[in-house]
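The block underneath contains the structure these notes are about, expressed in structure tokens.
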Amino acid sequence: MVDQYGPIVRLQLSGPKVILSDPKDLEIVYQNEGRYPFRPSTDLVALYCQRNNLPAGFAEAQGEAWYALRSPANKFLLRADCATHYLPIQNLVADDFAQILGESQFSPEELGNLFFRYASENTGVVCFNKRLGCLRKSTVKDAETERFLRAMSQKFKQLQNSISGKSVGHKFYKNKTYRLYEQASRTVQEISTKHLKKALSKLQVEQNPDNESSSLLSSMSADPSLTFSQIQAITSALQNAGTESTAKNMQVLFYNLAKNPDKQEKLYEEIHSRIGSDLSLTKDALAQMPYLKACLKESFRLIKPTIFSAHRVLPEDVIIQGYRIPSGVSMVFTQVKCCKEYFSEPDKFVPERWLRSHDTRKIENAPPAFVNMPFGHGPRKCLGWRFAEQDIYLATVKVLQKMKIHIRPESKDCNFRYLIFVEPEKPIAFYFTKREEVPA
Ligand code: HEM
């Protein structure tokens, strides 16, 4: 539609929606979003909260209710070192992930699940200060963790059904989609409440004032203004928003690296020159890996939008491309057009375009600021973006230290679709070979 109608498109989809694709227009939207940016929530989640007399979850809350959760979470999560604090334990998570990939052959579906387990283990570490065991071998799997993972997947599946139009009835009565979503949400809530209570009481026993702000949980538990249910709302949001999103975007990066073996090799050389084939990824090593960061940035650029739900509804009317858009109309961002305008060979995976020049320390022919916004922007920007990037860097580094990433011919031209997050239309058939082996 953007190709056919231009940078602004009006759609009638259960109310008017405007699709924007020019980064300059995105800038106008963000400049006018106000103190409490309004991102419409999915109706299934809103209905679940309403029908169960629950307050709106963090990602669904609006106005002051949203700010009351976001502001204490920001205290820790906007710190530059919030994610690097978890590097030692998350290196171990990534080691497990790489080891599993190297040990067996997996079907594309099993691989998709493995990415999800990796991301879930990492959010577990942040939310509960512990390993949940999502990557354990089948013989020693923890029954409760398995129940938790099944319930999390079920929540996403039903959310996708509701968004893709496969379910309409949930709006009017408790249909199958709604019932499955409700049941799964209750299971997730039950298990995560147990983990959270345990983690907080462990912190009280071990209380060490010097350490108070070292983890998200200790920083929140040291904040007297936060109640248990507020802490729970924040950790639930991190779990809901941080697993599928990371798992799916990580697959996109692996796909781009597999399709571009020369870039993969260049990345391997950077990794090898900094930490060899066995060492852990440290904050200092990460700071010296510009190509790794460029690869992720380029992967985000190629696939954007990374998630489909970063809409905005503005508090006042706004003029965009000469049209008055009334307040209350939902605006959706897609950035197809700007790719063609601002990047040479826009369909190619070229991480080099994000590297800074040695002399000027600037990116040559830098595109406008709002061209690549994988985590959104402004006060409502993704709360876990540092974690997301770190999780993906860790997995990529640990896998490439030992292996090469390939895709089987049936996945060579994979199409991606946008439901809640970007995802491959069919699970991607990756396979991995040890570095010393000759690829199949
Ligand atoms: C590659 C992975 C990820 C991508 C691409 C992504 C992207 C986004 C985007 C685009 C938004 C909407 C921002 C806006 O409306 O301006 C968002 C919101 C959010 N994300 Fe992420 N995200 C990722 C991973 C994570 C992780 C790992 C966490 C937590 C550990 C997380 C937590 C959140 C939360 C809590 C929100 C809601 C923020 C709010 O409403 O105030 N995300 N994410």
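Ordering of the structure tokens sets the chain letters (A, B, ...); residue numbers start at 1 within each chain; ligands are numbered from 1 in the order shown.
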
Tell me which protein, DNA and RNA residues are within 12 Å of Arg51 in chain A, counting only C-alpha atoms, leaving out same-chain ones fewer than 4 positions away, and put them as a PyMOL selection string. chain A and resi 43-47+55-56+170-174+178-179+182

Report as a PyMOL selection string all protein, DNA and RNA residues lying within 10 Å of Ser164 in chain A, evaluated on only C-alpha atoms, omitting residues in the same chain fewer than 6 positions from it. chain A and resi 158+418-420

What residues have any atom no more than 8 Å from ligand 1 when counting only C-alpha atoms and all ligand atoms, and can you list them as a ChimeraX atom specification? /A:37,39,58-61,66-67,70,119,123,126,234,237-250,300,305-312,373-389,391-392,421

Okay, now the selection with C-alpha atoms, as a PDB file, in the first residue's frame?
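Output file selection23.pdb is given in full below:
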```pdb
ATOM      1  CA  PRO A  37       2.553   8.260  25.312  1.00  0.00           C
ATOM      2  CA  ARG A  39       0.138   2.911  22.742  1.00  0.00           C
ATOM      3  CA  PHE A  58       2.321  -2.453  32.428  1.00  0.00           C
ATOM      4  CA  ALA A  59       2.500  -2.604  28.651  1.00  0.00           C
ATOM      5  CA  GLU A  60      -1.292  -2.065  28.405  1.00  0.00           C
ATOM      6  CA  ALA A  61      -1.641   0.654  31.057  1.00  0.00           C
ATOM      7  CA  TRP A  66       1.449   3.511  33.274  1.00  0.00           C
ATOM      8  CA  TYR A  67       3.820   6.196  34.586  1.00  0.00           C
ATOM      9  CA  ARG A  70       7.432   2.963  34.366  1.00  0.00           C
ATOM     10  CA  ALA A 119      15.173 -15.865  25.783  1.00  0.00           C
ATOM     11  CA  THR A 123      14.361 -12.978  31.356  1.00  0.00           C
ATOM     12  CA  VAL A 126      16.552 -10.745  35.347  1.00  0.00           C
ATOM     13  CA  ILE A 234       7.000  -4.775  36.213  1.00  0.00           C
ATOM     14  CA  ALA A 237       5.849  -6.993  31.674  1.00  0.00           C
ATOM     15  CA  LEU A 238       9.493  -7.901  31.197  1.00  0.00           C
ATOM     16  CA  GLN A 239       8.590 -11.559  30.786  1.00  0.00           C
ATOM     17  CA  ASN A 240       5.731 -10.915  28.395  1.00  0.00           C
ATOM     18  CA  ALA A 241       7.564  -8.363  26.306  1.00  0.00           C
ATOM     19  CA  GLY A 242      11.038  -9.856  26.494  1.00  0.00           C
ATOM     20  CA  THR A 243      10.802 -13.476  25.385  1.00  0.00           C
ATOM     21  CA  GLU A 244       9.127 -13.901  21.988  1.00  0.00           C
ATOM     22  CA  SER A 245      10.455 -10.523  20.841  1.00  0.00           C
ATOM     23  CA  THR A 246      14.060 -11.486  21.507  1.00  0.00           C
ATOM     24  CA  ALA A 247      13.664 -15.055  20.266  1.00  0.00           C
ATOM     25  CA  LYS A 248      12.141 -13.949  16.960  1.00  0.00           C
ATOM     26  CA  ASN A 249      14.548 -11.086  16.271  1.00  0.00           C
ATOM     27  CA  MET A 250      17.485 -13.328  17.145  1.00  0.00           C
ATOM     28  CA  PHE A 300      16.775  -4.792  12.482  1.00  0.00           C
ATOM     29  CA  PRO A 305       9.260  -3.112  11.970  1.00  0.00           C
ATOM     30  CA  THR A 306      10.587  -5.457  14.651  1.00  0.00           C
ATOM     31  CA  ILE A 307       7.226  -5.546  16.316  1.00  0.00           C
ATOM     32  CA  PHE A 308       3.865  -4.711  14.884  1.00  0.00           C
ATOM     33  CA  SER A 309       2.347  -3.140  17.941  1.00  0.00           C
ATOM     34  CA  ALA A 310       4.323   0.074  18.399  1.00  0.00           C
ATOM     35  CA  HIS A 311       1.334   2.264  17.507  1.00  0.00           C
ATOM     36  CA  ARG A 312       0.635   5.695  18.852  1.00  0.00           C
ATOM     37  CA  MET A 373      13.966   2.480  15.558  1.00  0.00           C
ATOM     38  CA  PRO A 374      13.796  -1.212  16.497  1.00  0.00           C
ATOM     39  CA  PHE A 375      12.907  -0.414  20.089  1.00  0.00           C
ATOM     40  CA  GLY A 376      10.635   2.578  19.537  1.00  0.00           C
ATOM     41  CA  HIS A 377      11.434   5.973  20.978  1.00  0.00           C
ATOM     42  CA  GLY A 378      10.664   8.407  23.756  1.00  0.00           C
ATOM     43  CA  PRO A 379       9.372   7.826  27.293  1.00  0.00           C
ATOM     44  CA  ARG A 380       7.586   4.650  26.177  1.00  0.00           C
ATOM     45  CA  LYS A 381      10.571   3.144  24.370  1.00  0.00           C
ATOM     46  CA  CYS A 382      11.195  -0.565  24.971  1.00  0.00           C
ATOM     47  CA  LEU A 383      12.115  -0.986  28.612  1.00  0.00           C
ATOM     48  CA  GLY A 384      14.337  -3.968  28.007  1.00  0.00           C
ATOM     49  CA  TRP A 385      16.310  -2.897  24.938  1.00  0.00           C
ATOM     50  CA  ARG A 386      19.689  -3.239  26.627  1.00  0.00           C
ATOM     51  CA  PHE A 387      18.754  -6.774  27.706  1.00  0.00           C
ATOM     52  CA  ALA A 388      17.477  -7.655  24.263  1.00  0.00           C
ATOM     53  CA  GLU A 389      20.669  -6.540  22.577  1.00  0.00           C
ATOM     54  CA  ASP A 391      20.930 -11.538  24.884  1.00  0.00           C
ATOM     55  CA  ILE A 392      21.322 -11.522  21.113  1.00  0.00           C
ATOM     56  CA  PHE A 421       6.463  -9.435  16.620  1.00  0.00           C
TER      57      PHE A 421
END
```

Within range 69-290 of chain A, find each residue whose DSSP state, derived from the backbone, is helix (DSSP H, G or I), and express the selection as a PyMOL selection string. chain A and resi 69-77+84-103+108-128+138-140+143-163+169-171+176-205+209-211+216-221+228-242+244-259+261-275+283-287+290

Strand (DSSP E or B) call set, DSSP backbone run, range 285-420 of chain A, as a count of residues only: 23
